[in-house]
Amino acid sequence: MSSETSPLVTRVLNARNRLMASGMYLANPSIVGNVQWVREGRGHVLSNVAPTTNCENSSDEDTPEETDATETSESTVEDVAIQNLLANPGLPPRSEKAILSAIACIDHDDFWLTPDGGYHGPTTVCREILDVKPSCAMTIPGLEPVRSDFGIVMQNLRAITQKCVTPGYSTGRSFFTWDNLNPTRFKLRHQLFEPLEGDEDKDNEPRPQSPSDDPFSFEKWPLTRERHRPQLLSLKATHRLLPIPAYDVQGNLLKPSTYRRYLQGALVEIHFTLTHWGIAGVKKDVYGGEIELIRILDAPQHIPSPVLKRKLPLHLEADDVPHKKPAIA
């Protein structure tokens, strides 16, 4: 019997060891002590900084009637910070947001991590395409030892969120999915649009292809409903599109048209930040996870479409009937 380790197991173990050494892996027993909540605007952001003030309890007077993620500072950290995190197993610089990491499966059913988040038209949550934030739920993987890690991940995430609560408020259900009294999954999202600042040139990052050929351009960005193309193009002068920072097993950035094929049900190494805000009208504490990086460890196994075992006639006569199949002894 061969004692060789499969490439998948080796890949997962290497990722786990690297993340554990970083100090920011959510299955690391010391992770809760490595982070602190820091007030930012009307909400809080999870940071590595040891602040002079902890999470400040919000009152109804301090909290707007309804606060959403766009009213807190949830802009992603610089790409350089992510590269440094992956290249250097030490803790991220103390002045930056805490970038948490986990190894988990992207849930197959609770999956909206598509190029436009499945946008069909205005809703109470997304009044226009600019409001779209593609999302997905992270669930338990099937491979050990990361399967056992996931229970610790959920415990630590729960402990981290409990460090920043508003008296008299209950926890909203936008971040955790609960089974009885235990959280079983957590939800993350991606910021799809970023405003252009001042005189910033929207074309300051040269593309090797023209917009008609560039899969990351406004012109070629996949949409659930093509009728929303004019609405998307109208944002080109004021915003930039932010592709999901997702990479395949070989380290290649995924094209938008492949998000569902490669991400839905995949085993991944994921990095994300956390924010907190309160909604006074319903007295809820809400937590939001913003995706910083996805590295696929094992792509989903798709079931092939059934193949016809017999040919169909191109023409059917009026008196033709199905032939009886021979009985099987």
# chains A, B, ... in the order shown; residues from 1 in each chain; ligands from 1

call {"tool": "residues_around", "arguments": {"residues": "Leu26 of chain A", "least_positions_apart": "2", "cutoff": "12 Å", "atoms": "only C-alpha atoms", "output": "compact mmCIF listing (two decimals) with N, CA, C and O atoms, in the first residue's frame"}}
result
# COMPACT_ATOMS: atom_id res chain seq x y z
N ARG A 16 -2.37 25.27 5.15
CA ARG A 16 -2.70 25.33 6.58
C ARG A 16 -1.49 25.73 7.41
O ARG A 16 -1.58 26.57 8.32
N LEU A 19 -0.74 29.46 6.88
CA LEU A 19 -1.71 30.33 7.53
C LEU A 19 -1.56 30.27 9.05
O LEU A 19 -1.68 31.30 9.73
N MET A 20 -1.32 29.09 9.60
CA MET A 20 -1.15 28.96 11.04
C MET A 20 0.05 29.78 11.51
O MET A 20 0.01 30.44 12.56
N ALA A 21 1.12 29.79 10.71
CA ALA A 21 2.32 30.56 11.07
C ALA A 21 2.08 32.06 10.99
O ALA A 21 2.78 32.84 11.65
N SER A 22 1.09 32.49 10.22
CA SER A 22 0.83 33.93 10.07
C SER A 22 0.23 34.55 11.32
O SER A 22 0.29 35.75 11.52
N GLY A 23 -0.38 33.72 12.18
CA GLY A 23 -1.03 34.24 13.36
C GLY A 23 -2.44 34.72 13.12
O GLY A 23 -3.15 35.11 14.06
N MET A 24 -2.91 34.71 11.87
CA MET A 24 -4.24 35.23 11.54
C MET A 24 -5.18 34.13 11.06
O MET A 24 -6.28 34.42 10.59
N ASN A 28 -6.29 29.19 14.73
CA ASN A 28 -5.18 29.42 15.66
C ASN A 28 -5.76 29.79 17.03
O ASN A 28 -6.54 30.73 17.13
N PRO A 29 -5.39 29.08 18.09
CA PRO A 29 -5.96 29.37 19.41
C PRO A 29 -5.73 30.79 19.90
O PRO A 29 -6.49 31.30 20.73
N SER A 30 -4.68 31.46 19.39
CA SER A 30 -4.35 32.80 19.88
C SER A 30 -4.98 33.92 19.07
O SER A 30 -4.77 35.10 19.37
N ILE A 31 -5.78 33.59 18.05
CA ILE A 31 -6.27 34.61 17.13
C ILE A 31 -7.14 35.66 17.82
O ILE A 31 -7.05 36.85 17.51
N VAL A 32 -7.96 35.25 18.76
CA VAL A 32 -8.88 36.20 19.40
C VAL A 32 -8.09 37.29 20.12
O VAL A 32 -8.50 38.46 20.15
N GLY A 33 -6.95 36.94 20.68
CA GLY A 33 -6.13 37.93 21.37
C GLY A 33 -5.29 38.78 20.45
O GLY A 33 -4.69 39.77 20.89
N ASN A 34 -5.22 38.42 19.16
CA ASN A 34 -4.40 39.17 18.20
C ASN A 34 -5.15 40.33 17.55
O ASN A 34 -4.55 41.07 16.77
N VAL A 35 -6.45 40.44 17.82
CA VAL A 35 -7.26 41.44 17.12
C VAL A 35 -8.05 42.28 18.12
O VAL A 35 -8.34 41.84 19.23
N ALA A 98 -7.18 43.99 10.28
CA ALA A 98 -6.85 42.58 10.46
C ALA A 98 -7.38 41.80 9.28
O ALA A 98 -8.56 41.90 8.94
N ILE A 99 -6.52 41.03 8.64
CA ILE A 99 -6.93 40.17 7.54
C ILE A 99 -6.99 38.75 8.05
O ILE A 99 -5.96 38.09 8.24
N LEU A 100 -8.19 38.29 8.34
CA LEU A 100 -8.39 36.94 8.86
C LEU A 100 -8.31 35.92 7.73
O LEU A 100 -8.52 36.26 6.56
N SER A 101 -8.02 34.69 8.08
CA SER A 101 -7.95 33.65 7.05
C SER A 101 -8.57 32.35 7.56
O SER A 101 -8.64 32.10 8.77
N ALA A 102 -9.03 31.55 6.62
CA ALA A 102 -9.63 30.26 6.94
C ALA A 102 -9.51 29.35 5.71
O ALA A 102 -9.26 29.83 4.60
N ILE A 103 -9.67 28.07 5.94
CA ILE A 103 -9.78 27.10 4.86
C ILE A 103 -11.17 26.48 4.98
O ILE A 103 -11.51 25.90 6.02
N ALA A 104 -11.97 26.64 3.96
CA ALA A 104 -13.37 26.22 4.02
C ALA A 104 -13.88 25.94 2.62
O ALA A 104 -13.19 26.20 1.62
N VAL A 146 -8.46 20.14 8.13
CA VAL A 146 -9.19 21.41 8.07
C VAL A 146 -10.67 21.23 8.41
O VAL A 146 -11.34 22.20 8.78
N ASP A 149 -10.65 21.78 11.96
CA ASP A 149 -10.33 23.19 12.19
C ASP A 149 -11.58 24.07 12.12
O ASP A 149 -11.67 25.09 12.80
N PHE A 150 -12.54 23.67 11.27
CA PHE A 150 -13.66 24.56 10.99
C PHE A 150 -14.49 24.85 12.24
O PHE A 150 -15.02 25.95 12.40
N GLY A 151 -14.62 23.86 13.13
CA GLY A 151 -15.33 24.10 14.37
C GLY A 151 -14.66 25.18 15.20
O GLY A 151 -15.32 26.03 15.81
N ILE A 152 -13.31 25.17 15.20
CA ILE A 152 -12.56 26.20 15.93
C ILE A 152 -12.71 27.55 15.23
O ILE A 152 -12.82 28.59 15.89
N VAL A 153 -12.72 27.53 13.92
CA VAL A 153 -12.93 28.77 13.14
C VAL A 153 -14.24 29.43 13.56
O VAL A 153 -14.28 30.64 13.83
N MET A 154 -15.30 28.65 13.63
CA MET A 154 -16.60 29.21 13.99
C MET A 154 -16.62 29.71 15.44
O MET A 154 -17.18 30.77 15.74
N GLN A 155 -15.98 28.97 16.34
CA GLN A 155 -15.91 29.40 17.73
C GLN A 155 -15.16 30.72 17.86
O GLN A 155 -15.59 31.63 18.58
N ASN A 156 -14.05 30.84 17.15
CA ASN A 156 -13.25 32.06 17.24
C ASN A 156 -13.95 33.25 16.58
O ASN A 156 -13.88 34.38 17.08
N LEU A 157 -14.63 33.00 15.47
CA LEU A 157 -15.39 34.09 14.84
C LEU A 157 -16.49 34.58 15.78
O LEU A 157 -16.73 35.79 15.90
N ARG A 158 -17.13 33.64 16.44
CA ARG A 158 -18.18 34.02 17.39
C ARG A 158 -17.58 34.82 18.54
O ARG A 158 -18.14 35.84 18.97
N ALA A 159 -16.43 34.39 19.05
CA ALA A 159 -15.77 35.11 20.15
C ALA A 159 -15.35 36.51 19.71
O ALA A 159 -15.45 37.47 20.48
N ILE A 160 -14.87 36.63 18.47
CA ILE A 160 -14.44 37.94 17.97
C ILE A 160 -15.62 38.89 17.85
O ILE A 160 -15.54 40.06 18.24
N GLU A 269 -8.73 28.56 0.28
CA GLU A 269 -8.08 29.37 1.32
C GLU A 269 -8.62 30.78 1.12
O GLU A 269 -8.53 31.32 0.02
N ILE A 270 -9.21 31.35 2.15
CA ILE A 270 -9.86 32.65 2.00
C ILE A 270 -9.37 33.64 3.05
O ILE A 270 -9.14 33.27 4.20
N HIS A 271 -9.19 34.89 2.62
CA HIS A 271 -8.76 35.98 3.50
C HIS A 271 -9.83 37.06 3.45
O HIS A 271 -10.35 37.38 2.38
N PHE A 272 -10.15 37.64 4.61
CA PHE A 272 -11.21 38.64 4.65
C PHE A 272 -11.06 39.56 5.86
O PHE A 272 -10.35 39.24 6.81
N THR A 273 -11.73 40.71 5.78
CA THR A 273 -11.76 41.66 6.89
C THR A 273 -13.16 41.65 7.49
O THR A 273 -14.11 41.16 6.89

call {"tool": "residues_around", "arguments": {"residues": "Gly142 of chain A", "least_positions_apart": "3", "cutoff": "12 Å", "atoms": "only C-alpha atoms", "output": "list in words"}}
result
Val9, Val12, Ile103, Ala104, Cys105, Ile106, Thr139, Pro145, Val146, Arg147, Ser148, Asp149, Phe150, Gly265, Ala266, Leu267, Val268 and Asp298 of chain A

call {"tool": "atom_distance", "arguments": {"atom1": "atom CA of His239 of chain A", "atom2": "atom CA of Arg260 of chain A"}}
result
24.2 Å

call {"tool": "closest_residue", "arguments": {"among": "A:Pro243, A:Pro300, A:Gly41, A:Gly278", "to": "Pro167 of chain A", "atoms": "only C-alpha atoms"}}
result
A:Gly278
